[in-house]
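Raw start_32.txt, compact mmCIF, C-alpha atoms:
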# COMPACT_ATOMS: atom_id res chain seq x y z
CA MET A 1 55.30 -103.43 -44.31
CA ALA A 2 51.82 -103.11 -45.81
CA GLU A 3 49.48 -100.59 -44.23
CA GLN A 4 46.92 -102.24 -41.97
CA PRO A 5 43.25 -101.82 -43.00
CA PRO A 6 40.99 -99.96 -40.55
CA PRO A 7 39.57 -102.23 -37.84
CA THR A 8 35.89 -103.13 -37.95
CA PHE A 9 35.03 -100.98 -34.95
CA ALA A 10 36.51 -97.94 -36.72
CA TRP A 11 34.01 -98.41 -39.55
CA LEU A 12 31.24 -98.71 -36.95
CA ILE A 13 32.35 -95.48 -35.27
CA LEU A 14 32.46 -93.69 -38.63
CA ALA A 15 29.01 -94.98 -39.63
CA THR A 16 27.52 -94.05 -36.24
CA SER A 17 29.08 -90.59 -36.39
CA VAL A 18 27.79 -89.85 -39.90
CA LEU A 19 24.35 -91.16 -38.90
CA ALA A 20 24.32 -88.94 -35.81
CA VAL A 21 25.36 -85.84 -37.74
CA SER A 22 22.82 -86.58 -40.48
CA SER A 23 19.95 -86.78 -38.00
CA ALA A 24 20.26 -83.19 -36.79
CA GLY A 25 18.07 -81.60 -39.48
CA ALA A 26 15.11 -83.91 -38.89
CA VAL A 27 15.32 -83.50 -35.10
CA PHE A 28 15.41 -79.71 -35.47
CA GLN A 29 12.23 -80.00 -37.54
CA LEU A 30 10.57 -82.12 -34.84
CA ILE A 31 10.70 -79.09 -32.54
CA GLY A 32 9.43 -76.72 -35.22
CA ASP A 33 7.12 -74.97 -32.73
CA VAL A 34 10.23 -73.15 -31.47
CA ASN A 35 11.46 -70.22 -33.54
CA PRO A 36 14.45 -71.25 -35.69
CA ILE A 37 17.12 -68.86 -34.40
CA LEU A 38 16.13 -69.69 -30.83
CA ARG A 39 16.36 -73.40 -31.66
CA ALA A 40 19.88 -72.88 -32.96
CA SER A 41 20.83 -70.95 -29.83
CA TRP A 42 19.42 -73.71 -27.61
CA ARG A 43 21.51 -76.30 -29.41
CA LEU A 44 24.75 -74.36 -28.97
CA GLN A 45 23.94 -73.41 -25.36
CA ALA A 46 23.60 -77.10 -24.50
CA THR A 47 26.72 -78.00 -26.47
CA ALA A 48 28.73 -75.30 -24.68
CA LEU A 49 27.57 -76.69 -21.33
CA ILE A 50 28.87 -80.13 -22.31
CA LEU A 51 32.18 -78.65 -23.49
CA LEU A 52 32.74 -76.67 -20.27
CA PRO A 53 34.24 -79.47 -18.05
CA PRO A 54 36.92 -80.57 -20.57
CA PHE A 55 37.63 -76.87 -21.29
CA ILE A 56 38.34 -76.26 -17.58
CA TYR A 57 40.50 -79.38 -17.44
CA GLN A 58 42.62 -78.27 -20.38
CA VAL A 59 43.03 -74.73 -19.01
CA VAL A 60 44.23 -76.10 -15.66
CA SER A 61 46.57 -78.49 -17.49
CA LEU A 62 48.09 -75.62 -19.49
CA ARG A 63 48.56 -73.52 -16.35
CA ASN A 64 50.48 -76.36 -14.74
CA ASN A 65 52.44 -77.62 -17.73
CA ASP A 66 52.47 -75.17 -20.64
CA ALA A 67 52.38 -71.53 -19.64
CA GLU A 68 53.72 -70.51 -23.06
CA THR A 69 50.67 -71.86 -24.93
CA LEU A 70 48.34 -70.32 -22.35
CA SER A 71 50.03 -66.96 -22.88
CA ARG A 72 49.75 -67.34 -26.64
CA ILE A 73 45.98 -67.81 -26.36
CA LYS A 74 45.72 -64.30 -24.89
CA ASP A 75 47.28 -62.75 -28.00
CA LYS A 76 45.00 -60.17 -29.64
CA ARG A 77 45.14 -61.88 -33.06
CA VAL A 78 44.18 -65.23 -31.53
CA ILE A 79 41.23 -63.66 -29.69
CA LEU A 80 40.09 -62.00 -32.93
CA ALA A 81 40.37 -65.34 -34.77
CA ILE A 82 38.21 -67.02 -32.10
CA ILE A 83 35.63 -64.24 -32.39
CA GLY A 84 35.71 -64.52 -36.20
CA SER A 85 35.17 -68.28 -35.98
CA SER A 86 32.27 -67.69 -33.58
CA ILE A 87 30.65 -65.22 -35.98
CA CYS A 88 30.90 -67.77 -38.80
CA LEU A 89 29.35 -70.47 -36.59
CA TRP A 90 26.58 -68.03 -35.59
CA ILE A 91 25.75 -67.31 -39.23
CA HIS A 92 26.01 -70.99 -40.19
CA PHE A 93 23.65 -72.31 -37.53
CA GLY A 94 21.24 -69.41 -37.70
CA SER A 95 20.82 -69.49 -41.47
CA TRP A 96 20.73 -73.30 -41.72
CA VAL A 97 18.14 -73.88 -38.97
CA TRP A 98 16.10 -70.99 -40.41
CA SER A 99 16.22 -72.70 -43.81
CA LEU A 100 14.70 -75.85 -42.31
CA ASP A 101 11.50 -73.86 -41.75
CA HIS A 102 11.49 -72.37 -45.25
CA THR A 103 12.43 -75.20 -47.59
CA SER A 104 12.43 -78.99 -47.64
CA LEU A 105 14.83 -80.96 -45.47
CA THR A 106 16.47 -82.47 -48.54
CA HIS A 107 17.07 -79.08 -50.17
CA SER A 108 18.43 -77.65 -46.92
CA LEU A 109 20.90 -80.50 -46.47
CA LEU A 110 21.99 -80.45 -50.11
CA PHE A 111 22.84 -76.76 -50.05
CA VAL A 112 24.36 -76.55 -46.57
CA THR A 113 26.78 -79.41 -47.34
CA ALA A 114 27.92 -77.80 -50.61
CA HIS A 115 30.81 -75.97 -48.91
CA PRO A 116 33.50 -77.78 -50.99
CA LEU A 117 32.08 -75.90 -53.99
CA VAL A 118 32.47 -72.67 -52.02
CA ILE A 119 36.09 -73.58 -51.30
CA VAL A 120 36.83 -74.16 -55.00
CA ALA A 121 35.28 -70.79 -55.82
CA GLY A 122 37.39 -69.23 -53.07
CA LEU A 123 40.55 -70.80 -54.48
CA TYR A 124 39.69 -69.48 -57.93
CA PHE A 125 39.07 -65.93 -56.75
CA LEU A 126 42.28 -66.04 -54.70
CA GLY A 127 44.15 -66.86 -57.88
CA LYS A 128 45.09 -70.36 -56.74
CA GLN A 129 45.46 -73.09 -59.32
CA ILE A 130 42.71 -75.69 -59.39
CA SER A 131 42.83 -79.02 -61.21
CA ALA A 132 40.63 -80.01 -64.12
CA GLY A 133 38.85 -82.50 -61.85
CA GLN A 134 38.12 -79.80 -59.28
CA ALA A 135 36.84 -77.41 -61.96
CA SER A 136 34.68 -80.11 -63.54
CA GLY A 137 33.28 -81.10 -60.15
CA ALA A 138 32.46 -77.49 -59.32
CA LEU A 139 30.68 -76.98 -62.66
CA LEU A 140 28.73 -80.22 -62.21
CA GLY A 141 27.85 -79.26 -58.64
CA PHE A 142 26.59 -75.80 -59.56
CA LEU A 143 24.65 -77.30 -62.49
CA GLY A 144 23.04 -79.70 -60.04
CA ALA A 145 22.21 -76.80 -57.73
CA GLY A 146 20.51 -75.02 -60.63
CA ILE A 147 18.46 -78.08 -61.52
CA THR A 148 17.53 -78.58 -57.87
CA LEU A 149 16.23 -75.00 -57.69
CA LEU A 150 13.71 -75.84 -60.42
CA GLY A 151 11.86 -77.74 -57.71
CA VAL A 152 10.81 -74.37 -56.28
CA THR A 153 8.04 -74.23 -58.87
CA ASN A 154 6.37 -77.57 -58.22
CA GLU A 155 7.62 -79.16 -54.99
CA GLY A 156 5.70 -78.46 -51.83
CA GLY A 157 7.58 -76.66 -49.08
CA VAL A 158 10.54 -75.72 -51.30
CA THR A 159 11.37 -72.02 -51.56
CA LEU A 160 14.19 -70.07 -53.16
CA ILE A 161 14.87 -68.05 -50.03
CA GLY A 162 15.06 -71.21 -47.93
CA ASP A 163 17.58 -72.78 -50.30
CA PHE A 164 19.58 -69.54 -50.33
CA ALA A 165 19.66 -69.44 -46.52
CA ALA A 166 21.05 -73.00 -46.44
CA PHE A 167 23.75 -72.02 -48.94
CA ILE A 168 24.66 -69.01 -46.77
CA GLY A 169 25.23 -71.60 -44.05
CA ALA A 170 27.63 -73.43 -46.36
CA ILE A 171 29.56 -70.23 -47.06
CA ALA A 172 29.79 -69.38 -43.37
CA ILE A 173 31.05 -72.81 -42.35
CA VAL A 174 34.08 -72.35 -44.62
CA GLY A 175 35.20 -69.39 -42.50
CA TYR A 176 34.68 -71.46 -39.36
CA LEU A 177 36.74 -74.31 -40.79
CA VAL A 178 39.53 -72.01 -41.94
CA ALA A 179 39.80 -70.34 -38.53
CA GLY A 180 39.69 -73.72 -36.83
CA ARG A 181 42.41 -75.09 -39.11
CA VAL A 182 44.74 -72.20 -38.20
CA LEU A 183 44.09 -72.30 -34.45
CA ARG A 184 43.89 -76.06 -33.98
CA GLU A 185 47.46 -76.51 -35.22
CA TRP A 186 48.58 -75.59 -31.72
CA MET A 187 45.51 -74.90 -29.55
CA PRO A 188 43.94 -77.75 -27.51
CA LEU A 189 40.56 -78.89 -28.83
CA PHE A 190 38.24 -77.81 -26.03
CA ILE A 191 40.04 -74.52 -25.36
CA TYR A 192 39.14 -73.68 -28.97
CA ALA A 193 35.70 -75.31 -29.18
CA PHE A 194 34.16 -74.01 -25.94
CA PRO A 195 34.57 -70.23 -26.41
CA VAL A 196 33.64 -70.45 -30.09
CA THR A 197 30.47 -72.39 -29.29
CA LEU A 198 29.59 -70.18 -26.31
CA ILE A 199 30.04 -66.90 -28.20
CA ALA A 200 28.02 -68.24 -31.16
CA SER A 201 25.22 -69.28 -28.81
CA ILE A 202 25.18 -65.80 -27.25
CA LEU A 203 25.05 -64.15 -30.69
CA LEU A 204 22.19 -66.43 -31.70
CA GLY A 205 20.38 -65.65 -28.46
CA LEU A 206 20.72 -61.90 -28.98
CA SER A 207 19.56 -62.31 -32.59
CA SER A 208 16.53 -64.27 -31.43
CA ILE A 209 15.66 -61.57 -28.87
CA ALA A 210 15.93 -58.86 -31.54
CA ILE A 211 14.25 -60.69 -34.42
CA GLU A 212 11.92 -63.25 -32.86
CA GLY A 213 10.90 -61.44 -29.68
CA THR A 214 12.45 -64.06 -27.39
CA SER A 215 12.27 -63.32 -23.66
CA LEU A 216 15.20 -63.61 -21.27
CA GLY A 217 13.36 -65.97 -18.96
CA GLY A 218 10.07 -67.14 -17.59
CA LEU A 219 7.14 -68.65 -19.43
CA PRO A 220 6.25 -69.83 -21.94
CA ALA A 221 9.38 -71.91 -22.36
CA VAL A 222 8.82 -72.07 -26.12
CA SER A 223 9.86 -68.42 -26.42
CA SER A 224 12.35 -68.22 -23.54
CA LEU A 225 16.09 -67.85 -24.11
CA PHE A 226 16.76 -70.74 -21.73
CA GLY A 227 13.54 -72.62 -22.42
CA TRP A 228 15.44 -75.66 -23.62
CA SER A 229 15.81 -76.73 -19.98
CA ASP A 230 12.04 -77.31 -19.86
CA ILE A 231 11.16 -81.01 -19.77
CA LEU A 232 9.19 -80.59 -23.02
CA TRP A 233 12.23 -79.48 -25.04
CA LEU A 234 15.15 -80.94 -23.07
CA PRO A 235 15.16 -84.43 -24.67
CA ALA A 236 15.46 -83.09 -28.23
CA ILE A 237 18.06 -80.44 -27.35
CA ALA A 238 20.06 -82.92 -25.26
CA TYR A 239 20.05 -85.32 -28.20
CA LEU A 240 21.20 -82.57 -30.60
CA ALA A 241 24.02 -81.60 -28.25
CA ILE A 242 25.16 -85.12 -27.39
CA GLY A 243 24.30 -86.98 -30.62
CA PRO A 244 25.22 -84.81 -33.62
CA GLY A 245 27.16 -82.28 -31.54
CA LEU A 246 29.41 -84.48 -29.41
CA ILE A 247 29.27 -88.09 -30.61
CA GLY A 248 28.97 -87.17 -34.28
CA HIS A 249 31.74 -84.61 -34.60
CA THR A 250 34.00 -86.13 -31.94
CA GLY A 251 33.66 -89.55 -33.59
CA ILE A 252 34.51 -88.14 -37.02
CA ASN A 253 37.60 -86.46 -35.58
CA GLY A 254 38.52 -89.61 -33.67
CA VAL A 255 38.53 -91.98 -36.67
CA LEU A 256 41.16 -89.82 -38.39
CA ARG A 257 43.51 -92.18 -36.55
CA TRP A 258 42.51 -95.00 -38.93
CA PHE A 259 41.15 -93.28 -42.03
CA PRO A 260 42.67 -90.67 -44.33
CA PRO A 261 40.72 -87.36 -44.29
CA LEU A 262 39.59 -87.99 -47.86
CA VAL A 263 37.58 -91.09 -46.86
CA ILE A 264 35.89 -89.21 -44.03
CA SER A 265 35.15 -86.21 -46.24
CA VAL A 266 33.40 -88.39 -48.81
CA ALA A 267 31.48 -90.28 -46.09
CA VAL A 268 30.12 -87.03 -44.66
CA LEU A 269 28.86 -86.03 -48.12
CA PHE A 270 26.14 -88.65 -47.81
CA GLU A 271 24.47 -86.54 -45.10
CA PRO A 272 21.75 -85.20 -47.47
CA LEU A 273 20.70 -88.73 -48.43
CA ILE A 274 20.85 -90.19 -44.93
CA GLY A 275 19.28 -87.11 -43.36
CA SER A 276 16.42 -87.17 -45.87
CA LEU A 277 15.75 -90.84 -45.12
CA ILE A 278 15.69 -90.07 -41.39
CA GLY A 279 13.33 -87.15 -42.01
CA TRP A 280 11.05 -89.33 -44.11
CA PHE A 281 11.04 -92.00 -41.38
CA LEU A 282 10.24 -89.41 -38.67
CA GLY A 283 7.59 -87.79 -40.86
CA THR A 284 9.27 -84.37 -41.11
CA THR A 285 9.76 -84.43 -44.90
CA ASN A 286 8.14 -85.85 -48.03
CA VAL A 287 9.69 -87.84 -50.86
CA PRO A 288 11.60 -85.34 -53.04
CA GLY A 289 10.39 -84.42 -56.53
CA ILE A 290 12.12 -85.21 -59.81
CA TYR A 291 14.13 -81.96 -59.94
CA THR A 292 15.51 -82.56 -56.46
CA TRP A 293 16.45 -86.15 -57.31
CA LEU A 294 18.15 -85.21 -60.57
CA GLY A 295 19.80 -82.00 -59.35
CA GLY A 296 20.74 -83.55 -56.02
CA ILE A 297 22.58 -86.41 -57.73
CA PHE A 298 24.57 -83.96 -59.87
CA LEU A 299 25.24 -81.76 -56.84
CA ILE A 300 26.52 -84.61 -54.69
CA LEU A 301 28.61 -86.06 -57.52
CA GLY A 302 30.11 -82.64 -58.16
CA VAL A 303 31.01 -82.20 -54.48
CA ILE A 304 32.53 -85.70 -54.42
CA MET A 305 34.62 -84.89 -57.52
CA VAL A 306 35.86 -81.72 -55.86
CA THR A 307 36.72 -83.64 -52.69
CA LEU A 308 38.51 -86.39 -54.59
CA GLY A 309 40.45 -83.65 -56.38
CA GLN A 310 42.14 -82.96 -53.04
CA THR A 311 40.56 -79.56 -52.56
CA SER A 312 40.71 -78.87 -48.86
CA VAL A 313 40.42 -76.16 -46.29
CA ASP A 314 44.21 -76.31 -45.99
CA GLU A 315 44.56 -74.98 -49.55
CA LEU A 316 42.20 -72.10 -48.88
CA THR A 317 43.95 -71.38 -45.57
CA ASN A 318 47.34 -71.29 -47.27
CA GLY A 319 46.02 -68.84 -49.84
CA ILE A 320 44.75 -66.56 -47.09
CA ASP A 321 47.95 -66.87 -45.04
CA GLU A 322 49.96 -65.89 -48.10
CA GLY A 323 47.82 -62.78 -48.53
CA GLU A 324 46.57 -63.81 -51.94

Step by step, read the file and then write its structure as structure tokens.
Amino acid sequence: MAEQPPPTFAWLILATSVLAVSSAGAVFQLIGDVNPILRASWRLQATALILLPPFIYQVVSLRNNDAETLSRIKDKRVILAIIGSSICLWIHFGSWVWSLDHTSLTHSLLFVTAHPLVIVAGLYFLGKQISAGQASGALLGFLGAGITLLGVTNEGGVTLIGDFAAFIGAIAIVGYLVAGRVLREWMPLFIYAFPVTLIASILLGLSSIAIEGTSLGGLPAVSSLFGWSDILWLPAIAYLAIGPGLIGHTGINGVLRWFPPLVISVAVLFEPLIGSLIGWFLGTTNVPGIYTWLGGIFLILGVIMVTLGQTSVDELTNGIDEGE
């Protein structure tokens, strides 16, 4: 029997999810009066709050129906993996949101979504075999990154340190994805997602206190650890938590029922283009210069080639599990 094509509503869910995820950068820039690490902490605080009810539900369900899995969660290695994933998410969000204040939106999105190139490099250094298509895609992607960096000299708002911070975010998200891949094979979604998000938000909050001089409470809300609950900032933070954070990522995970992961992976790679268009529409970014256009095309094509070459987090995870 021939495989049924995805229903129309599945395409709509996928498109809405990618659109939601792509909008995060521009919305973060709309609240640029708030220090970047604090902004990142606010986003994860709000997301953790949304994840709390389903987390409690799943914990109660495990207590009543699956004591073995609940006991396994308390294992020291599992706790360390959750903490490691949280640290990666902390670094990813902190460095990426910081980059939004120190380079253009387009550059930030191009570099932070380049994590497939990081995975190929990881496979290479682990001694894993990579295909010719993966190698070619990686070379094309890094060439595109180099061309894009030429925009530092003549494109307003673009800086080398900002681009580097975004790429640090791409490196960090690989660790988060690897840890998630290992744990999510048996751990319920919200029991994994809530503590990781909560711990990352706490680490970001402490970082903001130490680096940005954020206060624990009181006024002004713009520099308060929990200032996102102020009516001035709540709409944007609520959107970031519910739109990109919940609808975007939950929708992408949900359509795996109808689409192979490869299709979804390629769809998400259009985030730099879609996000830049949203930023231009909202007035948070300018039209990119020639180096960004040329380098960005090469970078995206390279990442797509790597993705089509079947490079995945699973391969990197297997290499780590095997101790290579």

Worksheet item: Counting all atoms listed in the file, which of A:Ala121, A:Ile13, A:Ile50, A:Ala138 gets nearest to Ile242 in chain A?
Response: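 Of A:Ala121, A:Ile13, A:Ile50, A:Ala138, the one nearest Ile242 in chain A is A:Ile50, counting all atoms listed in the file.
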
Item to complete: Tell me which protein, DNA and RNA residues are within 12 Å of Ser17 in chain A, counting all atoms listed in the file, leaving out same-chain ones fewer than 4 positions away, and put them as a ChimeraX atom specification.
Response: /A:10-13,21-24,242-255,264,267-268,270-271,274

Item to complete: Please provide the set of residues having any atom within 9 Å of range 195-209 of chain A, restricted to only C-alpha atoms, with same-chain residues fewer than 2 positions apart removed, written as a ChimeraX atom specification.
Response: /A:35-38,40-45,47-49,51,55,82-91,93-94,190-193,211-216,225

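Only residues having an atom at most 9 Å from (30.2, -76.9, -57.6) are included; using all atoms listed in the file, these are Ala114, His115, Pro116, Leu117, Val118, Val120, Ala121, Gln134, Ala135, Ser136, Gly137, Ala138, Leu139, Leu140, Gly141, Phe142, Leu143, Gly144, Ala145, Leu299, Gly302, Val303 and Val306 of chain A.
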
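Note that CA of Leu149 in chain A and CA of Gly169 in chain A are 16.7 Å apart.
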
Worksheet item: What gap, in Å, lies between CA of Ile300 in chain A and CA of Gly180 in chain A?
Response: 24.7 Å

Discussion item. Give me the residues near range 74-81 of chain A as a PyMOL selection string, where near means some atom within 8 Å (using only C-alpha atoms) and where sequence neighbours in that chain fewer than 4 positions away do not count.
Written reply: chain A and resi 70+85+179+183

May I have the protein, DNA and RNA residues with an atom at most 6 Å from (40.9, -98.3, -39.3), counting only C-alpha atoms in the file's coordinates, returned as a PDB file with C-alpha atoms, in the frame of the given file?
ATOM      1  CA  PRO A   5      43.250-101.820 -43.000  1.00  0.00           C
ATOM      2  CA  PRO A   6      40.990 -99.960 -40.550  1.00  0.00           C
ATOM      3  CA  PRO A   7      39.570-102.230 -37.840  1.00  0.00           C
ATOM      4  CA  ALA A  10      36.510 -97.940 -36.720  1.00  0.00           C
ATOM      5  CA  TRP A 258      42.510 -95.000 -38.930  1.00  0.00           C
ATOM      6  CA  PHE A 259      41.150 -93.280 -42.030  1.00  0.00           C
TER       7      PHE A 259
END

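Taking CA of Leu282 in chain A and CA of Thr153 in chain A as endpoints, the distance between them is 25.4 Å.
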
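Counting all atoms listed in the file, the residue from A:Ile147, A:Ile231, A:Ile56, A:Val34 that sits nearest to Gly295 in chain A is A:Ile147.
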
Fill in: Non-local contacts of Ala170 in chain A (7 Å; only C-alpha atoms; under 4 positions in same chain excluded) as a count of residues only
8

Worksheet item: Hey, which of A:Val18, A:Leu308, A:Leu269, A:Ile73 ends up closest to Arg184 in chain A? Count only C-alpha atoms.
Response: A:Ile73

Response to the item:
Using all atoms listed in the file, the residue out of A:Pro235, A:Pro272, A:Gly227, A:Gly289 with shortest distance to Thr148 in chain A is A:Gly289

Show me, as a PDB file with C-alpha atoms, keeping the file's coordinate frame, the residues that have an atom within 9 Å of Ala236 in chain A when counting only C-alpha atoms, minus same-chain residues fewer than 3 positions from it.
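Printed below is around_17.pdb as written:
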ATOM      1  CA  VAL A  27      15.320 -83.500 -35.100  1.00  0.00           C
ATOM      2  CA  PHE A  28      15.410 -79.710 -35.470  1.00  0.00           C
ATOM      3  CA  LEU A  30      10.570 -82.120 -34.840  1.00  0.00           C
ATOM      4  CA  ILE A  31      10.700 -79.090 -32.540  1.00  0.00           C
ATOM      5  CA  TRP A 228      15.440 -75.660 -23.620  1.00  0.00           C
ATOM      6  CA  LEU A 232       9.190 -80.590 -23.020  1.00  0.00           C
ATOM      7  CA  TRP A 233      12.230 -79.480 -25.040  1.00  0.00           C
ATOM      8  CA  TYR A 239      20.050 -85.320 -28.200  1.00  0.00           C
ATOM      9  CA  LEU A 240      21.200 -82.570 -30.600  1.00  0.00           C
ATOM     10  CA  ALA A 241      24.020 -81.600 -28.250  1.00  0.00           C
TER      11      ALA A 241
END

Worksheet entry | Counting only C-alpha atoms, the option among A:Gln58, A:Gly175, A:Leu234, A:Gly156 closest to Ala221 in chain A | A:Leu234

Worksheet item: Which of these, A:Gly283, A:Val178, A:Val263, A:Leu277, has the shortest distance to Ala15 in chain A once you count only C-alpha atoms?
Response: A:Val263
